[in-house]
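Visitor: File name run-v5.pdb; file contents PDB, C-alpha atoms; full text below.
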ATOM      1  CA  GLY V 138      66.754  45.621  48.177  1.00  0.00           C
ATOM      2  CA  GLY V 139      68.558  48.682  49.326  1.00  0.00           C
ATOM      3  CA  ILE V 140      68.299  51.876  51.341  1.00  0.00           C
ATOM      4  CA  TYR V 141      68.450  55.347  49.828  1.00  0.00           C
ATOM      5  CA  GLY V 142      71.152  57.646  51.107  1.00  0.00           C
ATOM      6  CA  TYR V 143      73.429  54.943  52.500  1.00  0.00           C
ATOM      7  CA  SER V 144      76.692  53.435  51.354  1.00  0.00           C
ATOM      8  CA  HIS V 145      77.262  50.581  48.958  1.00  0.00           C
ATOM      9  CA  THR V 146      76.691  48.143  51.826  1.00  0.00           C
ATOM     10  CA  CYS V 147      72.995  49.049  51.465  1.00  0.00           C
ATOM     11  CA  GLY V 148      72.733  49.182  47.680  1.00  0.00           C
ATOM     12  CA  GLY V 149      74.659  52.357  46.876  1.00  0.00           C
ATOM     13  CA  TYR V 150      71.555  54.395  46.055  1.00  0.00           C
ATOM     14  CA  ASP V 151      72.115  58.128  46.444  1.00  0.00           C
ATOM     15  CA  GLY V 152      69.963  60.525  48.398  1.00  0.00           C
ATOM     16  CA  GLY V 153      66.901  59.556  50.361  1.00  0.00           C
ATOM     17  CA  GLN V 154      65.894  63.219  50.208  1.00  0.00           C
ATOM     18  CA  ALA V 155      67.596  64.146  46.939  1.00  0.00           C
ATOM     19  CA  GLU V 156      65.863  65.977  44.124  1.00  0.00           C
ATOM     20  CA  TYR V 157      66.345  63.009  41.772  1.00  0.00           C
ATOM     21  CA  VAL V 158      66.960  59.358  42.610  1.00  0.00           C
ATOM     22  CA  ARG V 159      67.149  56.130  40.654  1.00  0.00           C
ATOM     23  CA  VAL V 160      64.211  53.940  41.669  1.00  0.00           C
ATOM     24  CA  PRO V 161      64.668  50.237  40.958  1.00  0.00           C
ATOM     25  CA  PHE V 162      61.365  48.486  40.191  1.00  0.00           C
ATOM     26  CA  ALA V 163      59.518  51.813  40.109  1.00  0.00           C
ATOM     27  CA  ASP V 164      56.530  50.094  38.542  1.00  0.00           C
ATOM     28  CA  VAL V 165      56.018  47.979  41.702  1.00  0.00           C
ATOM     29  CA  GLY V 166      56.613  49.852  44.949  1.00  0.00           C
ATOM     30  CA  PRO V 167      56.162  53.623  44.724  1.00  0.00           C
ATOM     31  CA  GLY V 168      52.838  55.439  44.694  1.00  0.00           C
ATOM     32  CA  LEU V 169      51.987  58.561  42.749  1.00  0.00           C
ATOM     33  CA  ILE V 170      52.000  61.927  44.497  1.00  0.00           C
ATOM     34  CA  PRO V 171      48.547  63.495  44.070  1.00  0.00           C
ATOM     35  CA  ASP V 172      48.423  66.617  41.880  1.00  0.00           C
ATOM     36  CA  TRP V 173      47.148  68.720  44.789  1.00  0.00           C
ATOM     37  CA  MET V 174      50.196  67.919  46.986  1.00  0.00           C
ATOM     38  CA  ASP V 175      53.372  69.964  46.735  1.00  0.00           C
ATOM     39  CA  ASP V 176      56.497  67.856  46.078  1.00  0.00           C
ATOM     40  CA  GLU V 177      58.284  69.258  49.144  1.00  0.00           C
ATOM     41  CA  ASP V 178      55.322  68.349  51.350  1.00  0.00           C
ATOM     42  CA  ALA V 179      55.288  64.846  49.887  1.00  0.00           C
ATOM     43  CA  VAL V 180      58.829  64.181  51.139  1.00  0.00           C
ATOM     44  CA  LEU V 181      57.770  64.537  54.788  1.00  0.00           C
ATOM     45  CA  PRO V 182      55.220  61.709  55.037  1.00  0.00           C
ATOM     46  CA  THR V 183      57.623  59.308  53.341  1.00  0.00           C
ATOM     47  CA  ASP V 184      60.622  59.684  55.637  1.00  0.00           C
ATOM     48  CA  ALA V 185      61.067  62.164  58.486  1.00  0.00           C
ATOM     49  CA  LEU V 186      57.479  62.305  59.767  1.00  0.00           C
ATOM     50  CA  PRO V 187      56.807  58.562  60.104  1.00  0.00           C
ATOM     51  CA  THR V 188      60.286  57.921  61.498  1.00  0.00           C
ATOM     52  CA  GLY V 189      59.995  60.643  64.140  1.00  0.00           C
ATOM     53  CA  SER V 190      56.441  59.689  64.998  1.00  0.00           C
ATOM     54  CA  PHE V 191      57.429  56.028  65.327  1.00  0.00           C
ATOM     55  CA  GLY V 192      60.280  57.037  67.631  1.00  0.00           C
ATOM     56  CA  ALA V 193      57.798  58.699  69.978  1.00  0.00           C
ATOM     57  CA  GLN V 194      55.315  55.837  69.613  1.00  0.00           C
ATOM     58  CA  LEU V 195      57.941  53.278  70.656  1.00  0.00           C
ATOM     59  CA  GLY V 196      58.273  55.127  73.961  1.00  0.00           C
ATOM     60  CA  ASP V 197      54.722  54.309  75.077  1.00  0.00           C
ATOM     61  CA  ILE V 198      54.342  57.868  76.345  1.00  0.00           C
ATOM     62  CA  THR V 199      51.846  58.257  79.157  1.00  0.00           C
ATOM     63  CA  GLU V 200      50.208  61.508  80.187  1.00  0.00           C
ATOM     64  CA  GLY V 201      52.753  63.945  81.597  1.00  0.00           C
ATOM     65  CA  ASP V 202      55.959  62.041  80.789  1.00  0.00           C
ATOM     66  CA  PRO V 203      59.118  64.107  80.301  1.00  0.00           C
ATOM     67  CA  VAL V 204      60.695  63.260  76.940  1.00  0.00           C
ATOM     68  CA  VAL V 205      64.171  64.195  75.729  1.00  0.00           C
ATOM     69  CA  VAL V 206      65.044  64.134  72.026  1.00  0.00           C
ATOM     70  CA  PHE V 207      68.678  64.096  70.942  1.00  0.00           C
ATOM     71  CA  GLY V 208      69.014  65.772  67.555  1.00  0.00           C
ATOM     72  CA  ALA V 209      66.942  68.601  66.101  1.00  0.00           C
ATOM     73  CA  GLY V 210      67.073  67.514  62.478  1.00  0.00           C
ATOM     74  CA  PRO V 211      63.881  66.597  60.598  1.00  0.00           C
ATOM     75  CA  VAL V 212      63.403  63.271  62.410  1.00  0.00           C
ATOM     76  CA  GLY V 213      64.085  64.794  65.825  1.00  0.00           C
ATOM     77  CA  LEU V 214      61.675  67.674  65.178  1.00  0.00           C
ATOM     78  CA  PHE V 215      58.880  65.296  64.231  1.00  0.00           C
ATOM     79  CA  ALA V 216      59.682  63.054  67.207  1.00  0.00           C
ATOM     80  CA  ALA V 217      59.412  66.056  69.529  1.00  0.00           C
ATOM     81  CA  ARG V 218      56.162  67.271  67.999  1.00  0.00           C
ATOM     82  CA  SER V 219      54.707  63.754  68.017  1.00  0.00           C
ATOM     83  CA  ALA V 220      55.608  63.363  71.691  1.00  0.00           C
ATOM     84  CA  TRP V 221      53.257  66.245  72.492  1.00  0.00           C
ATOM     85  CA  PHE V 222      50.458  64.606  70.508  1.00  0.00           C
ATOM     86  CA  MET V 223      51.002  61.406  72.488  1.00  0.00           C
ATOM     87  CA  GLY V 224      50.630  63.155  75.845  1.00  0.00           C
ATOM     88  CA  ALA V 225      54.121  64.178  76.928  1.00  0.00           C
ATOM     89  CA  GLY V 226      54.165  66.696  79.741  1.00  0.00           C
ATOM     90  CA  ARG V 227      57.537  68.116  78.802  1.00  0.00           C
ATOM     91  CA  VAL V 228      59.632  67.846  75.634  1.00  0.00           C
ATOM     92  CA  ILE V 229      63.327  68.712  75.699  1.00  0.00           C
ATOM     93  CA  VAL V 230      65.484  68.830  72.551  1.00  0.00           C
ATOM     94  CA  ILE V 231      69.289  68.665  72.610  1.00  0.00           C
ATOM     95  CA  ASP V 232      71.484  69.773  69.684  1.00  0.00           C
ATOM     96  CA  HIS V 233      74.394  72.114  69.043  1.00  0.00           C
ATOM     97  CA  LEU V 234      73.260  74.005  65.952  1.00  0.00           C
ATOM     98  CA  GLU V 235      71.338  77.166  66.875  1.00  0.00           C
ATOM     99  CA  TYR V 236      69.155  77.267  63.755  1.00  0.00           C
ATOM    100  CA  ARG V 237      67.957  73.741  64.539  1.00  0.00           C
ATOM    101  CA  LEU V 238      67.275  74.611  68.156  1.00  0.00           C
ATOM    102  CA  GLU V 239      65.271  77.643  67.043  1.00  0.00           C
ATOM    103  CA  LYS V 240      63.199  75.402  64.771  1.00  0.00           C
ATOM    104  CA  ALA V 241      62.633  73.004  67.684  1.00  0.00           C
ATOM    105  CA  ARG V 242      61.322  75.909  69.757  1.00  0.00           C
ATOM    106  CA  SER V 243      59.034  77.278  67.046  1.00  0.00           C
ATOM    107  CA  PHE V 244      57.875  74.062  65.333  1.00  0.00           C
ATOM    108  CA  ALA V 245      57.944  71.496  68.132  1.00  0.00           C
ATOM    109  CA  HIS V 246      57.338  73.913  71.053  1.00  0.00           C
ATOM    110  CA  ALA V 247      60.162  72.230  72.944  1.00  0.00           C
ATOM    111  CA  GLU V 248      62.619  73.349  75.583  1.00  0.00           C
ATOM    112  CA  THR V 249      66.009  73.417  73.908  1.00  0.00           C
ATOM    113  CA  TYR V 250      69.560  73.113  75.140  1.00  0.00           C
ATOM    114  CA  ASN V 251      72.808  73.509  73.249  1.00  0.00           C
ATOM    115  CA  PHE V 252      75.089  70.765  74.575  1.00  0.00           C
ATOM    116  CA  THR V 253      78.219  72.840  73.853  1.00  0.00           C
ATOM    117  CA  GLU V 254      77.152  75.295  76.560  1.00  0.00           C
ATOM    118  CA  TYR V 255      77.331  72.686  79.340  1.00  0.00           C
ATOM    119  CA  ASP V 256      80.226  70.767  80.855  1.00  0.00           C
ATOM    120  CA  ASP V 257      78.060  67.639  80.948  1.00  0.00           C
ATOM    121  CA  ILE V 258      74.660  67.685  79.242  1.00  0.00           C
ATOM    122  CA  VAL V 259      73.589  64.514  81.065  1.00  0.00           C
ATOM    123  CA  VAL V 260      74.128  66.142  84.457  1.00  0.00           C
ATOM    124  CA  HIS V 261      72.150  69.161  83.254  1.00  0.00           C
ATOM    125  CA  LEU V 262      69.287  66.926  82.071  1.00  0.00           C
ATOM    126  CA  LYS V 263      69.226  65.174  85.435  1.00  0.00           C
ATOM    127  CA  LYS V 264      69.075  68.556  87.222  1.00  0.00           C
ATOM    128  CA  ILE V 265      66.173  69.867  85.156  1.00  0.00           C
ATOM    129  CA  THR V 266      64.189  66.641  85.635  1.00  0.00           C
ATOM    130  CA  GLY V 267      64.416  66.644  89.414  1.00  0.00           C
ATOM    131  CA  PHE V 268      67.509  64.391  89.357  1.00  0.00           C
ATOM    132  CA  LEU V 269      65.388  61.483  88.115  1.00  0.00           C
ATOM    133  CA  GLY V 270      65.877  61.701  84.362  1.00  0.00           C
ATOM    134  CA  ALA V 271      63.384  61.588  81.513  1.00  0.00           C
ATOM    135  CA  ASP V 272      60.835  58.816  81.016  1.00  0.00           C
ATOM    136  CA  LEU V 273      61.768  58.546  77.349  1.00  0.00           C
ATOM    137  CA  ALA V 274      64.884  59.442  75.395  1.00  0.00           C
ATOM    138  CA  ILE V 275      64.790  59.452  71.601  1.00  0.00           C
ATOM    139  CA  ASP V 276      68.098  59.219  69.740  1.00  0.00           C
ATOM    140  CA  ALA V 277      67.441  60.938  66.418  1.00  0.00           C
ATOM    141  CA  VAL V 278      71.147  61.445  65.677  1.00  0.00           C
ATOM    142  CA  GLY V 279      72.867  58.131  65.078  1.00  0.00           C
ATOM    143  CA  ASP V 280      76.520  57.476  64.501  1.00  0.00           C
ATOM    144  CA  GLU V 281      77.311  60.903  63.050  1.00  0.00           C
ATOM    145  CA  ALA V 282      76.980  62.574  66.452  1.00  0.00           C
ATOM    146  CA  ASP V 283      79.254  65.384  67.532  1.00  0.00           C
ATOM    147  CA  GLY V 284      80.056  65.928  71.172  1.00  0.00           C
ATOM    148  CA  ASN V 285      83.126  63.801  71.818  1.00  0.00           C
ATOM    149  CA  PHE V 286      86.180  64.850  69.827  1.00  0.00           C
ATOM    150  CA  LEU V 287      88.070  61.562  70.296  1.00  0.00           C
ATOM    151  CA  GLN V 288      85.144  59.434  69.136  1.00  0.00           C
ATOM    152  CA  HIS V 289      84.554  61.736  66.167  1.00  0.00           C
ATOM    153  CA  VAL V 290      88.201  61.444  65.090  1.00  0.00           C
ATOM    154  CA  THR V 291      88.373  57.650  65.504  1.00  0.00           C
ATOM    155  CA  SER V 292      85.151  57.137  63.555  1.00  0.00           C
ATOM    156  CA  ALA V 293      84.922  59.840  60.906  1.00  0.00           C
ATOM    157  CA  LYS V 294      88.623  60.439  60.251  1.00  0.00           C
ATOM    158  CA  LEU V 295      90.478  57.241  61.145  1.00  0.00           C
ATOM    159  CA  LYS V 296      87.636  54.779  60.433  1.00  0.00           C
ATOM    160  CA  LEU V 297      88.471  52.750  63.544  1.00  0.00           C
ATOM    161  CA  GLN V 298      84.858  52.444  64.652  1.00  0.00           C
ATOM    162  CA  GLY V 299      81.455  52.479  62.981  1.00  0.00           C
ATOM    163  CA  GLY V 300      80.505  55.921  64.215  1.00  0.00           C
ATOM    164  CA  SER V 301      80.252  58.014  67.307  1.00  0.00           C
ATOM    165  CA  PRO V 302      77.824  56.679  69.927  1.00  0.00           C
ATOM    166  CA  VAL V 303      77.750  59.978  71.844  1.00  0.00           C
ATOM    167  CA  ALA V 304      73.999  60.589  71.435  1.00  0.00           C
ATOM    168  CA  LEU V 305      73.195  56.987  72.338  1.00  0.00           C
ATOM    169  CA  ASN V 306      75.356  57.154  75.460  1.00  0.00           C
ATOM    170  CA  TRP V 307      73.706  60.425  76.492  1.00  0.00           C
ATOM    171  CA  ALA V 308      70.269  58.888  75.913  1.00  0.00           C
ATOM    172  CA  ILE V 309      71.119  55.906  78.111  1.00  0.00           C
ATOM    173  CA  ASP V 310      72.569  58.065  80.879  1.00  0.00           C
ATOM    174  CA  SER V 311      69.861  60.745  80.878  1.00  0.00           C
ATOM    175  CA  VAL V 312      66.773  58.633  81.609  1.00  0.00           C
ATOM    176  CA  ARG V 313      65.362  57.418  84.903  1.00  0.00           C
ATOM    177  CA  LYS V 314      65.616  53.777  85.953  1.00  0.00           C
ATOM    178  CA  GLY V 315      63.223  51.609  83.953  1.00  0.00           C
ATOM    179  CA  ALA V 316      62.746  54.265  81.273  1.00  0.00           C
ATOM    180  CA  THR V 317      62.596  53.686  77.531  1.00  0.00           C
ATOM    181  CA  ILE V 318      65.172  54.606  74.918  1.00  0.00           C
ATOM    182  CA  SER V 319      63.982  54.817  71.328  1.00  0.00           C
ATOM    183  CA  VAL V 320      66.763  54.735  68.740  1.00  0.00           C
ATOM    184  CA  MET V 321      65.865  56.294  65.393  1.00  0.00           C
ATOM    185  CA  GLY V 322      69.422  57.308  64.517  1.00  0.00           C
ATOM    186  CA  ALA V 323      71.254  54.995  62.145  1.00  0.00           C
ATOM    187  CA  TYR V 324      74.242  53.036  63.444  1.00  0.00           C
ATOM    188  CA  GLY V 325      76.287  51.098  60.965  1.00  0.00           C
ATOM    189  CA  PRO V 326      79.311  48.858  60.864  1.00  0.00           C
ATOM    190  CA  ILE V 327      82.810  50.142  60.369  1.00  0.00           C
ATOM    191  CA  PHE V 328      83.681  50.894  56.742  1.00  0.00           C
ATOM    192  CA  SER V 329      85.530  47.591  56.189  1.00  0.00           C
ATOM    193  CA  ALA V 330      82.715  45.381  57.485  1.00  0.00           C
TER     194      ALA V 330
END
Can you turn what I pasted into structure tokens?

Guide:
Amino acid sequence: GGIYGYSHTCGGYDGGQAEYVRVPFADVGPGLIPDWMDDEDAVLPTDALPTGSFGAQLGDITEGDPVVVFGAGPVGLFAARSAWFMGAGRVIVIDHLEYRLEKARSFAHAETYNFTEYDDIVVHLKKITGFLGADLAIDAVGDEADGNFLQHVTSAKLKLQGGSPVALNWAIDSVRKGATISVMGAYGPIFSA
């Protein structure tokens, strides 16, 4: 077994969303893409859509729940959109890249906040949720999170830790007591493990 797009610890297979990939045992697992479906559309139901949707599903959203999604990449966008379908009353997306935040506004109809514009994004999230916090936080970032320079340097540059848990820490700190945190972001071991 292995996982596409991960390191050699998971098989060393390149690109989960690459144009071409080597598929071991291709005669067993994969299904054919129907002729009527565009190849780019076929990528979505195999990766980002089910992952994002599952992230929202794990939160057991009830009618009117405020949901915060960390990360406005493909998985985060689908998590935010799925949260609406599951009854969320408010969907908030946090990222630092403006083009992603714009997509979250247009595609997922979410409130968006750029964490670089706030001294402490967790404090801001508490303020905008009546100082209670969200009922569900979805971490769609994983260990490649920006937001804390020291953690980024010790993980990405010095390889002293398995990644930056900034998004996970924000998710934990931004929810109300008894809330749910759904972790879709990938966290791995340090490089030497």

Visitor: In the coordinate frame of the file, compute which residues have an atom within 12 Å of (52.3, 53.9, 70.5) when using all atoms listed in the file, and state them as a VMD selection string.

Guide: chain V and resid 190 to 199 219 to 220 222 to 224 319

Visitor: If you count all atoms listed in the file, which residues fall within 12 Å of Arg242 (chain V), apart from same-chain ones fewer than 6 positions away, as an mmCIF file with C-alpha atoms, in the coordinates of the input?

Guide:
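Output saved as around13.cif:
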data_model
loop_
_atom_site.group_PDB
_atom_site.id
_atom_site.type_symbol
_atom_site.label_atom_id
_atom_site.label_comp_id
_atom_site.auth_asym_id
_atom_site.auth_seq_id
_atom_site.Cartn_x
_atom_site.Cartn_y
_atom_site.Cartn_z
ATOM 1 C CA ALA V 209 66.942 68.601 66.101
ATOM 2 C CA LEU V 214 61.675 67.674 65.178
ATOM 3 C CA ALA V 217 59.412 66.056 69.529
ATOM 4 C CA ARG V 218 56.162 67.271 67.999
ATOM 5 C CA VAL V 228 59.632 67.846 75.634
ATOM 6 C CA ILE V 229 63.327 68.712 75.699
ATOM 7 C CA VAL V 230 65.484 68.830 72.551
ATOM 8 C CA ILE V 231 69.289 68.665 72.610
ATOM 9 C CA ASP V 232 71.484 69.773 69.684
ATOM 10 C CA GLU V 235 71.338 77.166 66.875
ATOM 11 C CA TYR V 236 69.155 77.267 63.755
ATOM 12 C CA GLU V 248 62.619 73.349 75.583
ATOM 13 C CA THR V 249 66.009 73.417 73.908
ATOM 14 C CA TYR V 250 69.560 73.113 75.140
#

Visitor: Let me make sure I understand: among V:Ala216, V:Ala163, V:Val260, V:Ile170, which one has the smallest atom-to-atom distance to Leu186 (chain V) if we use only C-alpha atoms?

Guide: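 Between V:Ala216, V:Ala163, V:Val260, V:Ile170, the residue approaching Leu186 (chain V) most closely is V:Ala216.
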
Visitor: Would you mind reading off the distance between CA of His246 (chain V) and CA of Trp221 (chain V), one decimal, in Å?

Guide: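 CA of His246 (chain V) sits 8.8 Å away from CA of Trp221 (chain V).
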
Visitor: When you draw a straight line from CA of Asp276 (chain V) to CA of Met321 (chain V), how long is it in Å?

Guide: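 About the pair CA of Asp276 (chain V) and CA of Met321 (chain V): they are 5.7 Å apart.
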
Visitor: Quote the spacing between CA of Asp172 (chain V) and CA of Gly213 (chain V) in Å to one decimal place.

Guide: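 Answer for the CA of Asp172 (chain V) to CA of Gly213 (chain V) separation: 28.7 Å.
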
Visitor: When the PyMOL selection byres ((chain V and resi 278) around 12) is applied to the structure above, which residues does it catch, written out as an MDAnalysis selection string?

Guide: chainID V and resid 189 192 206:214 216 230:233 274:277 279:284 300:308 319:324

Visitor: Counting only C-alpha atoms, which of V:Thr188, V:Thr317, V:Ser311, V:Thr183 gets nearest to Leu269 (chain V)?

Guide: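 Among V:Thr188, V:Thr317, V:Ser311, V:Thr183, it is V:Ser311 that comes nearest to Leu269 (chain V).
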
Visitor: My list of candidates is V:Gly315, V:Glu239, V:Leu234, V:Ala185. Which is closest to Phe252 (chain V) when distances are computed with all atoms listed in the file?

Guide: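 Among the listed residues, the smallest separation from Phe252 (chain V) belongs to V:Leu234.
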
Visitor: Which residue is closest to Asp184 (chain V)? Choose from V:Phe215, V:Lys263, V:Asp272, V:Glu254 and count only C-alpha atoms.

Guide: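 Comparing V:Phe215, V:Lys263, V:Asp272, V:Glu254 against Asp184 (chain V), the winner is V:Phe215.
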
Visitor: Using only C-alpha atoms, which of V:Ala245, V:Arg313, V:Glu177, V:Gly226 sits nearest Gly267 (chain V)?

Guide: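 Ranked by minimum distance to Gly267 (chain V), first place goes to V:Arg313.
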
Visitor: Compare V:Ala225, V:Pro187, V:Phe162, V:Pro182 by their minimum atom-to-atom distance to Glu200 (chain V), counting all atoms listed in the file, and give me the closest one.

Guide: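 Closest candidate: V:Ala225.
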
Visitor: How would region 171-193 of chain V read, as a PDB file, in the frame of the given file, once N, CA, C and O atoms are built in?

Guide:
ATOM      1  N   PRO V 171      49.733  62.842  44.639  1.00  0.00           N
ATOM      2  CA  PRO V 171      48.547  63.495  44.070  1.00  0.00           C
ATOM      3  C   PRO V 171      48.879  64.884  43.529  1.00  0.00           C
ATOM      4  O   PRO V 171      49.778  65.563  44.044  1.00  0.00           O
ATOM      5  N   ASP V 172      48.170  65.315  42.504  1.00  0.00           N
ATOM      6  CA  ASP V 172      48.423  66.617  41.880  1.00  0.00           C
ATOM      7  C   ASP V 172      48.288  67.770  42.873  1.00  0.00           C
ATOM      8  O   ASP V 172      48.979  68.776  42.748  1.00  0.00           O
ATOM      9  N   TRP V 173      47.396  67.638  43.852  1.00  0.00           N
ATOM     10  CA  TRP V 173      47.148  68.720  44.789  1.00  0.00           C
ATOM     11  C   TRP V 173      48.255  68.877  45.839  1.00  0.00           C
ATOM     12  O   TRP V 173      48.328  69.881  46.526  1.00  0.00           O
ATOM     13  N   MET V 174      49.158  67.872  45.960  1.00  0.00           N
ATOM     14  CA  MET V 174      50.196  67.919  46.986  1.00  0.00           C
ATOM     15  C   MET V 174      51.500  68.450  46.407  1.00  0.00           C
ATOM     16  O   MET V 174      51.957  68.006  45.360  1.00  0.00           O
ATOM     17  N   ASP V 175      52.089  69.400  47.120  1.00  0.00           N
ATOM     18  CA  ASP V 175      53.372  69.964  46.735  1.00  0.00           C
ATOM     19  C   ASP V 175      54.462  68.900  46.923  1.00  0.00           C
ATOM     20  O   ASP V 175      54.430  68.139  47.892  1.00  0.00           O
ATOM     21  N   ASP V 176      55.428  68.857  45.994  1.00  0.00           N
ATOM     22  CA  ASP V 176      56.497  67.856  46.078  1.00  0.00           C
ATOM     23  C   ASP V 176      57.258  67.921  47.398  1.00  0.00           C
ATOM     24  O   ASP V 176      57.618  66.898  47.975  1.00  0.00           O
ATOM     25  N   GLU V 177      57.539  69.135  47.883  1.00  0.00           N
ATOM     26  CA  GLU V 177      58.284  69.258  49.144  1.00  0.00           C
ATOM     27  C   GLU V 177      57.480  68.725  50.325  1.00  0.00           C
ATOM     28  O   GLU V 177      58.031  68.165  51.271  1.00  0.00           O
ATOM     29  N   ASP V 178      56.167  68.895  50.290  1.00  0.00           N
ATOM     30  CA  ASP V 178      55.322  68.349  51.350  1.00  0.00           C
ATOM     31  C   ASP V 178      55.254  66.825  51.268  1.00  0.00           C
ATOM     32  O   ASP V 178      55.088  66.152  52.275  1.00  0.00           O
ATOM     33  N   ALA V 179      55.372  66.293  50.074  1.00  0.00           N
ATOM     34  CA  ALA V 179      55.288  64.846  49.887  1.00  0.00           C
ATOM     35  C   ALA V 179      56.496  64.118  50.471  1.00  0.00           C
ATOM     36  O   ALA V 179      56.400  62.947  50.820  1.00  0.00           O
ATOM     37  N   VAL V 180      57.630  64.808  50.581  1.00  0.00           N
ATOM     38  CA  VAL V 180      58.829  64.181  51.139  1.00  0.00           C
ATOM     39  C   VAL V 180      58.615  63.846  52.619  1.00  0.00           C
ATOM     40  O   VAL V 180      59.049  62.810  53.103  1.00  0.00           O
ATOM     41  N   LEU V 181      57.912  64.714  53.341  1.00  0.00           N
ATOM     42  CA  LEU V 181      57.770  64.537  54.788  1.00  0.00           C
ATOM     43  C   LEU V 181      57.041  63.262  55.185  1.00  0.00           C
ATOM     44  O   LEU V 181      57.514  62.540  56.061  1.00  0.00           O
ATOM     45  N   PRO V 182      55.886  62.932  54.578  1.00  0.00           N
ATOM     46  CA  PRO V 182      55.220  61.709  55.037  1.00  0.00           C
ATOM     47  C   PRO V 182      55.895  60.419  54.579  1.00  0.00           C
ATOM     48  O   PRO V 182      55.484  59.334  54.960  1.00  0.00           O
ATOM     49  N   THR V 183      56.950  60.522  53.797  1.00  0.00           N
ATOM     50  CA  THR V 183      57.623  59.308  53.341  1.00  0.00           C
ATOM     51  C   THR V 183      58.884  58.996  54.130  1.00  0.00           C
ATOM     52  O   THR V 183      59.437  57.920  53.981  1.00  0.00           O
ATOM     53  N   ASP V 184      59.355  59.926  54.958  1.00  0.00           N
ATOM     54  CA  ASP V 184      60.622  59.684  55.637  1.00  0.00           C
ATOM     55  C   ASP V 184      60.640  60.254  57.051  1.00  0.00           C
ATOM     56  O   ASP V 184      60.458  59.540  58.018  1.00  0.00           O
ATOM     57  N   ALA V 185      60.839  61.552  57.180  1.00  0.00           N
ATOM     58  CA  ALA V 185      61.067  62.164  58.486  1.00  0.00           C
ATOM     59  C   ALA V 185      59.856  62.064  59.414  1.00  0.00           C
ATOM     60  O   ALA V 185      60.002  61.735  60.598  1.00  0.00           O
ATOM     61  N   LEU V 186      58.668  62.339  58.914  1.00  0.00           N
ATOM     62  CA  LEU V 186      57.479  62.305  59.767  1.00  0.00           C
ATOM     63  C   LEU V 186      57.191  60.913  60.332  1.00  0.00           C
ATOM     64  O   LEU V 186      57.065  60.758  61.549  1.00  0.00           O
ATOM     65  N   PRO V 187      57.101  59.869  59.503  1.00  0.00           N
ATOM     66  CA  PRO V 187      56.807  58.562  60.104  1.00  0.00           C
ATOM     67  C   PRO V 187      57.935  58.042  60.998  1.00  0.00           C
ATOM     68  O   PRO V 187      57.675  57.361  61.992  1.00  0.00           O
ATOM     69  N   THR V 188      59.173  58.377  60.669  1.00  0.00           N
ATOM     70  CA  THR V 188      60.286  57.921  61.498  1.00  0.00           C
ATOM     71  C   THR V 188      60.243  58.598  62.860  1.00  0.00           C
ATOM     72  O   THR V 188      60.358  57.949  63.905  1.00  0.00           O
ATOM     73  N   GLY V 189      60.073  59.916  62.878  1.00  0.00           N
ATOM     74  CA  GLY V 189      59.995  60.643  64.140  1.00  0.00           C
ATOM     75  C   GLY V 189      58.790  60.236  64.966  1.00  0.00           C
ATOM     76  O   GLY V 189      58.884  60.037  66.177  1.00  0.00           O
ATOM     77  N   SER V 190      57.659  60.094  64.305  1.00  0.00           N
ATOM     78  CA  SER V 190      56.441  59.689  64.998  1.00  0.00           C
ATOM     79  C   SER V 190      56.590  58.283  65.597  1.00  0.00           C
ATOM     80  O   SER V 190      56.169  58.028  66.728  1.00  0.00           O
ATOM     81  N   PHE V 191      57.199  57.389  64.839  1.00  0.00           N
ATOM     82  CA  PHE V 191      57.429  56.028  65.327  1.00  0.00           C
ATOM     83  C   PHE V 191      58.376  56.031  66.526  1.00  0.00           C
ATOM     84  O   PHE V 191      58.200  55.262  67.472  1.00  0.00           O
ATOM     85  N   GLY V 192      59.362  56.920  66.498  1.00  0.00           N
ATOM     86  CA  GLY V 192      60.280  57.037  67.631  1.00  0.00           C
ATOM     87  C   GLY V 192      59.559  57.401  68.910  1.00  0.00           C
ATOM     88  O   GLY V 192      59.834  56.862  69.980  1.00  0.00           O
ATOM     89  N   ALA V 193      58.592  58.324  68.803  1.00  0.00           N
ATOM     90  CA  ALA V 193      57.798  58.699  69.978  1.00  0.00           C
ATOM     91  C   ALA V 193      56.837  57.575  70.357  1.00  0.00           C
ATOM     92  O   ALA V 193      56.638  57.288  71.538  1.00  0.00           O
TER      93      ALA V 193
END
